[in-house]
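As stored in final01.csv (CSV, C-alpha atoms):
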chain,number,residue,atom,x,y,z
J,1,MET,CA,87.0,-23.5,3.9
J,2,ASN,CA,83.7,-23.0,5.7
J,3,ARG,CA,85.3,-20.7,8.3
J,4,PHE,CA,86.9,-18.8,5.5
J,5,LYS,CA,83.6,-18.2,3.7
J,6,LYS,CA,81.9,-17.2,6.9
J,7,GLY,CA,84.6,-14.6,7.5
J,8,HIS,CA,84.0,-13.3,4.0
J,9,ILE,CA,80.4,-12.7,4.6
J,10,SER,CA,81.0,-10.9,7.9
J,11,VAL,CA,83.6,-8.7,6.3
J,12,ALA,CA,81.2,-7.9,3.5
J,13,VAL,CA,78.5,-7.0,6.1
J,14,VAL,CA,80.9,-4.8,7.9
J,15,CYS,CA,81.9,-3.1,4.7
J,16,ALA,CA,78.2,-2.7,3.8
J,17,VAL,CA,77.6,-0.9,7.1
J,18,LEU,CA,80.6,1.3,6.5
J,19,GLY,CA,79.4,2.2,3.0
J,20,PHE,CA,75.9,2.9,4.3
J,21,MET,CA,77.3,5.3,6.9
J,22,ILE,CA,79.5,7.0,4.5
J,23,SER,CA,76.9,7.7,1.9
J,24,LEU,CA,74.4,8.7,4.6
J,25,GLN,CA,76.8,11.2,6.0
J,26,PHE,CA,77.6,12.5,2.6
J,27,ARG,CA,74.0,13.0,1.7
J,28,ILE,CA,73.2,14.7,5.0
J,29,SER,CA,76.1,17.1,4.7
J,30,MET,CA,75.2,17.9,1.1
J,31,GLU,CA,71.6,18.6,2.2
J,32,GLN,CA,72.8,20.9,5.0
J,33,LYS,CA,75.0,22.9,2.6
J,34,ALA,CA,72.3,23.1,0.0
J,35,SER,CA,69.4,24.2,2.2
J,36,LEU,CA,70.5,27.5,3.6
J,37,PRO,CA,71.5,29.4,0.5
J,38,TYR,CA,68.5,28.0,-1.3
J,39,GLN,CA,66.1,29.4,1.3
J,40,ARG,CA,67.8,32.8,1.1
J,41,LEU,CA,67.5,32.8,-2.7
J,42,GLU,CA,63.8,32.1,-2.4
J,43,GLU,CA,63.2,34.8,0.2
J,44,LEU,CA,65.0,37.4,-1.8
J,45,SER,CA,63.2,36.6,-5.0
J,46,SER,CA,59.8,36.8,-3.3
J,47,ARG,CA,60.8,40.2,-1.8
J,48,LEU,CA,61.8,41.4,-5.2
J,49,LEU,CA,58.4,40.4,-6.6
J,50,ASP,CA,56.7,42.3,-3.7
J,51,VAL,CA,58.7,45.5,-4.3
J,52,GLU,CA,58.0,45.3,-8.0
J,53,ARG,CA,54.3,45.0,-7.4
J,54,GLU,CA,54.4,47.9,-5.1
J,55,ARG,CA,56.2,50.0,-7.6
J,56,ASP,CA,53.7,49.3,-10.3
J,57,LYS,CA,50.8,50.3,-7.9
J,58,LEU,CA,52.5,53.5,-7.0
J,59,GLN,CA,53.1,54.4,-10.6
J,60,GLU,CA,49.5,53.9,-11.4
J,61,LYS,CA,48.5,56.1,-8.4
J,62,LEU,CA,51.0,58.8,-9.6
J,63,SER,CA,49.6,58.9,-13.1
J,64,ALA,CA,46.0,59.0,-11.8
J,65,LEU,CA,46.9,61.9,-9.5
J,66,GLU,CA,48.7,63.8,-12.3
J,67,GLU,CA,45.6,63.4,-14.5
J,68,ALA,CA,43.4,64.7,-11.7
J,69,ALA,CA,45.7,67.7,-11.1
J,70,GLU,CA,45.6,68.6,-14.8
J,71,LYS,CA,41.9,68.7,-14.9
J,72,GLY,CA,41.9,70.9,-11.8
J,73,GLU,CA,38.8,69.5,-10.3
J,74,ALA,CA,40.5,67.7,-7.6
J,75,ASN,CA,39.8,70.3,-4.9
J,76,SER,CA,36.2,69.8,-3.9
J,77,LEU,CA,36.5,66.1,-4.1
J,78,SER,CA,39.6,65.9,-2.0
J,79,ASP,CA,38.0,68.1,0.7
J,80,GLN,CA,35.2,65.6,1.1
J,81,LYS,CA,37.7,62.7,1.1
J,82,ALA,CA,39.9,64.4,3.6
J,83,SER,CA,37.1,64.9,6.1
J,84,GLU,CA,36.1,61.3,5.7
J,85,ILE,CA,39.7,60.2,6.3
J,86,LEU,CA,39.9,62.4,9.3
J,87,ARG,CA,36.7,60.9,10.7
J,88,GLN,CA,38.1,57.5,10.2
J,89,ARG,CA,41.4,58.4,11.9
J,90,ALA,CA,39.5,59.9,14.8
J,91,GLY,CA,37.7,56.7,15.4
J,92,LEU,CA,34.2,58.0,14.6
J,93,VAL,CA,33.5,55.4,11.9
J,94,ALA,CA,33.1,51.7,12.5
J,95,MET,CA,35.7,49.7,10.7
J,96,GLU,CA,36.2,46.2,9.5
J,97,GLY,CA,38.9,44.2,7.8
J,98,PRO,CA,41.3,41.3,8.3
J,99,GLY,CA,43.0,41.1,11.7
J,100,VAL,CA,43.1,39.3,15.0
J,101,ILE,CA,40.8,38.8,18.0
J,102,VAL,CA,42.7,38.4,21.2
J,103,LEU,CA,41.0,36.9,24.2
J,104,ILE,CA,42.5,37.4,27.6
J,105,ASP,CA,41.3,35.9,30.8
J,106,ASP,CA,42.5,35.7,34.4
J,107,SER,CA,44.9,32.9,35.3
J,108,ARG,CA,43.4,29.5,36.1
J,109,LEU,CA,46.5,28.5,38.1
J,110,LYS,CA,46.1,28.6,41.9
J,111,SER,CA,48.4,31.0,43.5
J,112,LYS,CA,51.0,29.3,45.7
J,113,ALA,CA,51.1,30.0,49.4
J,114,GLY,CA,52.9,33.3,50.0
J,115,ASP,CA,52.6,34.3,46.4
J,116,ASN,CA,51.2,37.6,45.5
J,117,GLN,CA,47.7,37.0,44.2
J,118,ASN,CA,47.9,40.1,42.1
J,119,LEU,CA,50.3,38.4,39.7
J,120,TYR,CA,47.6,36.0,38.6
J,121,ILE,CA,45.0,38.5,37.5
J,122,ILE,CA,45.1,40.8,34.5
J,123,HIS,CA,46.2,44.4,35.1
J,124,ASP,CA,46.1,47.5,33.0
J,125,ASP,CA,49.8,47.2,32.2
J,126,ASP,CA,49.3,43.7,30.8
J,127,LEU,CA,46.6,45.0,28.4
J,128,LEU,CA,48.7,48.1,27.6
J,129,ARG,CA,51.6,45.8,26.7
J,130,VAL,CA,49.3,43.8,24.4
J,131,VAL,CA,47.9,46.9,22.7
J,132,ASN,CA,51.3,48.4,22.4
J,133,GLU,CA,52.6,45.3,20.8
J,134,LEU,CA,49.7,45.2,18.4
J,135,ARG,CA,50.3,48.9,17.4
J,136,ALA,CA,54.0,48.2,16.9
J,137,ALA,CA,53.0,45.3,14.6
J,138,GLY,CA,51.0,47.7,12.5
J,139,ALA,CA,47.5,47.4,13.8
J,140,GLU,CA,45.4,50.1,12.3
J,141,VAL,CA,42.4,50.2,14.6
J,142,ILE,CA,42.0,48.5,18.0
J,143,SER,CA,39.1,48.0,20.4
J,144,ILE,CA,38.9,46.5,23.8
J,145,ASN,CA,35.6,44.9,24.8
J,146,GLY,CA,33.8,47.0,22.1
J,147,GLN,CA,35.5,50.3,23.1
J,148,ARG,CA,37.4,51.8,20.3
J,149,ILE,CA,40.9,53.0,21.3
J,150,ILE,CA,41.3,56.6,20.2
J,151,ALA,CA,43.9,59.2,20.9
J,152,THR,CA,42.4,60.1,24.3
J,153,SER,CA,41.5,56.5,25.4
J,154,GLU,CA,42.8,55.4,28.7
J,155,ILE,CA,43.4,51.8,29.9
J,156,ARG,CA,43.5,51.6,33.6
J,157,CYS,CA,42.5,49.4,36.5
J,158,ALA,CA,39.3,50.4,38.2
J,159,GLY,CA,39.0,48.0,41.2
J,160,PRO,CA,38.7,44.5,39.9
J,161,THR,CA,37.5,45.8,36.5
J,162,LEU,CA,39.2,47.7,33.7
J,163,SER,CA,38.2,51.1,32.4
J,164,VAL,CA,38.5,52.0,28.8
J,165,ASN,CA,37.0,55.3,27.5
J,166,ASN,CA,35.6,55.6,31.0
J,167,VAL,CA,33.5,52.5,30.4
J,168,ARG,CA,34.2,49.6,32.8
J,169,SER,CA,34.4,46.0,31.9
J,170,ALA,CA,35.4,42.8,33.6
J,171,PRO,CA,37.5,39.9,32.3
J,172,PRO,CA,37.5,38.2,29.9
J,173,TYR,CA,38.8,40.9,27.6
J,174,GLU,CA,38.4,40.8,23.9
J,175,ILE,CA,40.7,42.9,21.9
J,176,HIS,CA,39.9,43.4,18.2
J,177,ALA,CA,42.7,44.6,16.0
J,178,ILE,CA,42.7,45.2,12.2
J,179,GLY,CA,45.9,44.8,10.4
J,180,ASP,CA,48.0,42.1,8.9
J,181,ALA,CA,46.8,39.0,10.8
J,182,ALA,CA,50.0,37.0,10.5
J,183,THR,CA,52.2,39.9,11.7
J,184,LEU,CA,49.9,40.8,14.6
J,185,GLU,CA,49.8,37.2,15.7
J,186,ASN,CA,53.5,36.7,15.4
J,187,ALA,CA,54.2,39.9,17.3
J,188,LEU,CA,52.3,38.6,20.3
J,189,LYS,CA,53.8,35.1,20.1
J,190,MET,CA,57.3,36.4,19.7
J,191,ARG,CA,59.8,34.5,21.9
J,192,GLY,CA,60.2,36.4,25.1
J,193,GLY,CA,57.2,38.5,24.1
J,194,VAL,CA,53.9,39.3,25.7
J,195,MET,CA,52.3,35.9,25.4
J,196,GLU,CA,55.2,34.1,26.9
J,197,THR,CA,55.5,36.5,29.8
J,198,LEU,CA,51.8,36.3,30.6
J,199,ALA,CA,51.8,32.5,30.2
J,200,VAL,CA,54.3,32.4,33.2
J,201,TRP,CA,51.4,33.5,35.4
J,202,GLY,CA,48.9,31.3,33.7
J,203,ILE,CA,47.0,34.2,32.2
J,204,GLN,CA,45.1,32.8,29.3
J,205,LEU,CA,45.7,34.6,26.0
J,206,GLU,CA,44.1,33.2,22.9
J,207,ILE,CA,44.7,34.6,19.4
J,208,GLN,CA,42.2,34.1,16.6
J,209,ALA,CA,43.2,35.3,13.2
J,210,SER,CA,40.1,36.4,11.2
J,211,GLU,CA,39.3,37.6,7.7
J,212,ASN,CA,36.7,40.0,9.0
J,213,VAL,CA,37.2,41.7,12.3
J,214,GLU,CA,34.8,44.4,13.3
J,215,VAL,CA,35.8,47.4,15.3
J,216,PRO,CA,33.0,49.7,16.5
J,217,ALA,CA,33.1,53.5,16.3
J,218,TYR,CA,33.9,55.6,19.3
J,219,LYS,CA,30.7,56.5,21.1
J,220,GLY,CA,31.8,59.0,23.6
J,221,THR,CA,31.9,62.8,23.4
J,222,THR,CA,34.3,64.5,21.1
J,223,GLN,CA,33.7,68.0,22.3
J,224,TYR,CA,36.7,69.7,24.0
J,225,GLN,CA,35.7,71.5,27.2
J,226,TYR,CA,39.0,73.2,27.9
J,227,ALA,CA,41.2,73.0,24.9
J,228,LYS,CA,40.8,75.7,22.2
J,229,PRO,CA,42.7,76.0,19.0
J,230,ALA,CA,45.6,78.4,19.5
J,231,GLY,CA,45.0,81.6,17.5
J,232,GLY,CA,46.8,82.3,14.4
J,233,GLY,CA,47.1,80.2,11.3
J,234,ALA,CA,44.7,77.5,12.5
J,235,SER,CA,41.6,77.2,10.4
F,1,MET,CA,88.8,-8.6,-0.8
F,2,ILE,CA,86.1,-8.9,-3.5
F,3,SER,CA,83.4,-9.5,-0.9
F,4,ALA,CA,84.6,-6.5,1.0
F,5,VAL,CA,84.4,-4.3,-2.1
F,6,CYS,CA,81.0,-5.7,-3.0
F,7,GLY,CA,79.7,-5.0,0.6
F,8,LEU,CA,81.0,-1.5,0.4
F,9,ILE,CA,79.2,-0.8,-2.9
F,10,ILE,CA,76.0,-2.3,-1.6
F,11,GLY,CA,76.2,-0.2,1.5
F,12,LEU,CA,76.9,3.0,-0.5
F,13,VAL,CA,73.9,2.4,-2.8
F,14,LEU,CA,71.7,1.5,0.2
F,15,GLY,CA,72.7,4.7,2.0
F,16,ALA,CA,72.2,6.9,-1.0
F,17,PHE,CA,68.6,5.7,-1.5
F,18,CYS,CA,67.6,5.2,2.1
F,19,PRO,CA,65.2,8.0,3.2
F,20,LEU,CA,66.8,7.9,6.7
F,21,ILE,CA,67.9,11.3,8.1
F,22,ILE,CA,70.0,11.8,11.1
F,23,PRO,CA,68.7,14.7,13.2
F,24,VAL,CA,71.1,17.6,13.6
F,25,ALA,CA,71.5,17.0,17.3
F,26,TYR,CA,73.0,13.6,16.6
F,27,SER,CA,75.0,14.4,13.5
F,28,LYS,CA,78.1,14.9,15.7
F,29,LEU,CA,77.8,11.4,17.2
F,30,PHE,CA,77.2,9.9,13.8
F,31,SER,CA,80.3,11.5,12.3
F,32,VAL,CA,82.5,10.3,15.2
F,33,ALA,CA,81.0,6.8,14.8
F,34,LEU,CA,81.8,6.9,11.1
F,35,LEU,CA,85.4,7.9,11.8
F,36,ALA,CA,85.8,5.1,14.3
F,37,CYS,CA,84.4,2.6,11.6
F,38,LEU,CA,86.9,4.0,9.1
F,39,ASP,CA,89.7,3.5,11.6
F,40,SER,CA,88.7,-0.1,12.2
F,41,VAL,CA,88.5,-0.9,8.5
F,42,PHE,CA,91.9,0.6,7.8
F,43,GLY,CA,93.3,-1.2,10.9
F,44,GLY,CA,91.7,-4.5,9.6
F,45,TYR,CA,93.3,-4.0,6.2
F,46,ARG,CA,96.7,-3.4,7.8
F,47,SER,CA,96.4,-6.6,9.8
F,48,VAL,CA,95.5,-8.5,6.6
F,49,LEU,CA,98.8,-7.3,5.1
F,50,GLU,CA,100.6,-8.3,8.3
F,51,ASP,CA,98.9,-11.7,8.2
F,52,LYS,CA,97.5,-11.2,11.6
F,53,PHE,CA,93.9,-10.7,10.6
F,54,ASP,CA,91.3,-12.1,13.0
F,55,ASN,CA,87.7,-11.9,12.1
F,56,THR,CA,86.3,-11.7,15.6
F,57,ILE,CA,88.7,-9.0,16.6
F,58,PHE,CA,87.9,-7.0,13.4
F,59,ILE,CA,84.1,-7.2,13.7
F,60,SER,CA,83.9,-6.7,17.5
F,61,GLY,CA,86.4,-3.8,17.1
F,62,PHE,CA,84.4,-2.3,14.3
F,63,PHE,CA,81.1,-2.1,16.2
F,64,THR,CA,82.4,-1.5,19.8
F,65,ASN,CA,84.7,1.3,18.6
F,66,ALA,CA,81.9,3.1,16.8
F,67,LEU,CA,79.4,2.7,19.6
F,68,LEU,CA,81.9,3.6,22.3
F,69,ALA,CA,83.1,6.6,20.4
F,70,ALA,CA,79.5,7.9,19.9
F,71,PHE,CA,78.7,7.1,23.6
F,72,LEU,CA,81.7,8.9,24.9
F,73,VAL,CA,81.0,12.0,22.8
F,74,TYR,CA,77.4,11.9,24.0
F,75,VAL,CA,78.5,11.7,27.7
F,76,GLY,CA,81.1,14.4,27.1
F,77,ASP,CA,78.4,16.6,25.7
F,78,HIS,CA,76.3,16.2,28.8
F,79,LEU,CA,79.3,16.9,31.1
F,80,SER,CA,80.4,19.8,28.9
F,81,ILE,CA,83.7,18.1,28.1
F,82,ASP,CA,84.2,18.3,24.4
F,83,LEU,CA,85.4,14.7,23.7
F,84,TYR,CA,84.3,15.2,20.1
F,85,TYR,CA,87.6,16.8,19.1
F,86,VAL,CA,89.6,14.3,21.1
F,87,ALA,CA,87.9,11.5,19.2
F,88,LEU,CA,88.5,13.2,15.9
F,89,LEU,CA,92.1,13.7,16.7
F,90,THR,CA,92.7,10.1,18.0
F,91,PHE,CA,90.9,8.4,15.2
F,92,GLY,CA,92.3,10.7,12.5
F,93,PHE,CA,95.8,10.1,13.9
F,94,ARG,CA,95.3,6.3,13.8
F,95,ILE,CA,93.9,6.3,10.3
F,96,PHE,CA,97.0,8.2,9.0
F,97,GLN,CA,99.3,5.9,10.9
F,98,ASN,CA,97.6,2.8,9.5
F,99,LEU,CA,97.7,4.3,6.0
F,100,ALA,CA,101.4,4.9,6.4
F,101,ILE,CA,102.0,1.3,7.4
F,102,ILE,CA,99.9,0.0,4.5
F,103,ARG,CA,101.9,2.2,2.1
F,104,ARG,CA,105.1,0.8,3.4
F,105,TYR,CA,103.9,-2.8,2.8
F,106,PHE,CA,103.1,-2.0,-0.7
F,107,LEU,CA,106.4,-0.4,-1.3
F,108,LYS,CA,108.2,-3.4,0.2
F,109,LYS,CA,106.3,-5.8,-2.0
F,110,HIS,CA,107.2,-4.1,-5.3
Just dump the structure as structure tokens.
Amino acid sequence: MNRFKKGHISVAVVCAVLGFMISLQFRISMEQKASLPYQRLEELSSRLLDVERERDKLQEKLSALEEAAEKGEANSLSDQKASEILRQRAGLVAMEGPGVIVLIDDSRLKSKAGDNQNLYIIHDDDLLRVVNELRAAGAEVISINGQRIIATSEIRCAGPTLSVNNVRSAPPYEIHAIGDAATLENALKMRGGVMETLAVWGIQLEIQASENVEVPAYKGTTQYQYAKPAGGGAS
Amino acid sequence: MISAVCGLIIGLVLGAFCPLIIPVAYSKLFSVALLACLDSVFGGYRSVLEDKFDNTIFISGFFTNALLAAFLVYVGDHLSIDLYYVALLTFGFRIFQNLAIIRRYFLKKH
């Protein structure tokens, strides 16, 4: 009788274990099924909201422009505005806004015997890749060590230093970029991206997202010595 | 029989409310272990009907089958031999076989 009872208890325990496993597996597979479509739904609805907001904004803009056009006094005002926009685009105005500050410094790793030492220091192409990536991610204005990057800016090695706008600076380099901070940061941290490649050589790259990044104006000359506007319709 | 059903229900309830989660990496092992457990239980029920039920064999079989199946699948994963499907096939086959035998016993009885 005693043996029989003992057997009963152990059978019950075994069945309890089985039941536990079954319901656990059931719950997990339900969760797995539920999670993916749900995430997708949420993403789509947030995107829809964004687009709707954008549409409303554009509609407001359109109605404002139509009003201004009717009044006919848009001309003189838009001229002033246009020149201001051009100055901003040319990099002659200091700008500020949300964005990221990227700090880059030479590698702290010791080069191994027989290794090329050049791989462990920052080169112009490393910085070019970073700047290129930032631009691809929608950075609006960029500066390197206080030098605003404009249409004619160069980034090249000058001995152990780096020359931007013909001004030389030594590492560490500080790149300021204004744009959507999260996008800029993610673009650099992308898998297989700039940050990962540079990290192989131990080059230190630090990204700080900031609400207020300042980018100075271009301080060099803007006069063209050789180029002249081609005659004709140019005004 | 009653104790077995009670244990099953208790286990189901515990599993439903336990906050435990199996990581995705181990879900394969867990499902194989579950299948092995199911096989053992059906085998045990069959032996009850055949009057050959032995508690020690049943319990040791239950746990060793499950652990061994999970272990083999784990090792197979690391050796890139997909023992997962082999385990599924074997246990699935045995479960169906046991079910067929159980069914035959019931048919004979009535």
Smallest atom-to-atom distance to chain J: which of F:Val75, F:Val32, F:Leu99, F:Cys37, using only C-alpha atoms?
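Distance minimum relative to chain J lands on F:Cys37.
Taking CA of Tyr218 (chain J) as the reference point, CA of Glu133 (chain J) is found at 21.4 Å.
Rounded to one decimal, CA of Ile144 (chain J) and CA of Ser83 (chain J) lie 25.6 Å from each other.
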Hey, what's within 10 Å of region 178-181 of chain J if we count only C-alpha atoms and toss same-chain stuff fewer than 3 positions away? As a PyMOL selection string, please?
chain J and resi 95-101+134-135+137-143+184-187+207-215
Counting only C-alpha atoms, collect the residues of chain F whose closest atom lies at most 12 Å from chain J, and write them out as a VMD selection string.
chain F and resid 1 to 24 26 to 42 44 to 45 48 53 to 63 66
Regenerate region 6-37 of chain F at the level of N, CA and C atoms and dump it as a compact mmCIF listing (two decimals), keeping the file's coordinate frame.
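Output below, filename result28.txt:
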# COMPACT_ATOMS: atom_id res chain seq x y z
N CYS F 6 82.38 -5.57 -2.63
CA CYS F 6 81.00 -5.70 -3.00
C CYS F 6 80.09 -5.16 -1.84
N GLY F 7 80.47 -5.53 -0.60
CA GLY F 7 79.70 -5.00 0.60
C GLY F 7 79.71 -3.54 0.63
N LEU F 8 80.88 -2.95 0.37
CA LEU F 8 81.00 -1.50 0.40
C LEU F 8 80.08 -0.83 -0.61
N ILE F 9 80.07 -1.41 -1.82
CA ILE F 9 79.20 -0.80 -2.90
C ILE F 9 77.76 -0.94 -2.52
N ILE F 10 77.38 -2.13 -2.02
CA ILE F 10 76.00 -2.30 -1.60
C ILE F 10 75.58 -1.31 -0.57
N GLY F 11 76.49 -1.13 0.43
CA GLY F 11 76.20 -0.20 1.50
C GLY F 11 76.07 1.23 0.97
N LEU F 12 76.95 1.62 0.05
CA LEU F 12 76.90 3.00 -0.50
C LEU F 12 75.57 3.22 -1.22
N VAL F 13 75.17 2.22 -2.01
CA VAL F 13 73.90 2.40 -2.80
C VAL F 13 72.73 2.44 -1.80
N LEU F 14 72.74 1.55 -0.79
CA LEU F 14 71.70 1.50 0.20
C LEU F 14 71.56 2.90 0.88
N GLY F 15 72.72 3.41 1.30
CA GLY F 15 72.70 4.70 2.00
C GLY F 15 72.27 5.84 1.14
N ALA F 16 72.59 5.77 -0.14
CA ALA F 16 72.20 6.90 -1.00
C ALA F 16 70.72 6.91 -1.27
N PHE F 17 70.08 5.74 -1.22
CA PHE F 17 68.60 5.70 -1.50
C PHE F 17 67.75 5.55 -0.33
N CYS F 18 68.37 5.37 0.83
CA CYS F 18 67.60 5.20 2.10
C CYS F 18 67.05 6.56 2.50
N PRO F 19 65.77 6.66 2.81
CA PRO F 19 65.20 8.00 3.20
C PRO F 19 65.53 8.38 4.62
N LEU F 20 66.43 7.66 5.26
CA LEU F 20 66.80 7.90 6.70
C LEU F 20 67.50 9.28 6.76
N ILE F 21 67.18 10.02 7.83
CA ILE F 21 67.90 11.30 8.10
C ILE F 21 68.28 11.34 9.52
N ILE F 22 69.54 11.70 9.74
CA ILE F 22 70.00 11.80 11.10
C ILE F 22 69.70 13.25 11.61
N PRO F 23 69.01 13.38 12.74
CA PRO F 23 68.70 14.70 13.20
C PRO F 23 70.01 15.49 13.52
N VAL F 24 69.91 16.81 13.42
CA VAL F 24 71.10 17.60 13.60
C VAL F 24 71.79 17.41 14.91
N ALA F 25 70.96 17.15 15.94
CA ALA F 25 71.50 17.00 17.30
C ALA F 25 72.43 15.78 17.36
N TYR F 26 72.19 14.77 16.54
CA TYR F 26 73.00 13.60 16.60
C TYR F 26 74.02 13.46 15.51
N SER F 27 74.11 14.47 14.65
CA SER F 27 75.00 14.40 13.50
C SER F 27 76.48 14.30 14.00
N LYS F 28 76.75 14.95 15.14
CA LYS F 28 78.10 14.90 15.70
C LYS F 28 78.46 13.47 16.11
N LEU F 29 77.53 12.82 16.80
CA LEU F 29 77.80 11.40 17.20
C LEU F 29 77.98 10.54 16.03
N PHE F 30 77.16 10.76 15.03
CA PHE F 30 77.20 9.90 13.80
C PHE F 30 78.56 10.08 13.14
N SER F 31 79.04 11.31 13.05
CA SER F 31 80.30 11.50 12.30
C SER F 31 81.45 10.88 13.11
N VAL F 32 81.40 10.94 14.44
CA VAL F 32 82.50 10.30 15.20
C VAL F 32 82.40 8.77 15.04
N ALA F 33 81.18 8.22 15.04
CA ALA F 33 81.00 6.80 14.80
C ALA F 33 81.58 6.38 13.47
N LEU F 34 81.30 7.21 12.48
CA LEU F 34 81.80 6.90 11.10
C LEU F 34 83.31 6.91 11.09
N LEU F 35 83.90 7.87 11.78
CA LEU F 35 85.40 7.90 11.80
C LEU F 35 85.93 6.70 12.49
N ALA F 36 85.29 6.26 13.57
CA ALA F 36 85.80 5.10 14.30
C ALA F 36 85.67 3.86 13.36
N CYS F 37 84.58 3.76 12.58
CA CYS F 37 84.40 2.60 11.60
C CYS F 37 85.54 2.67 10.60
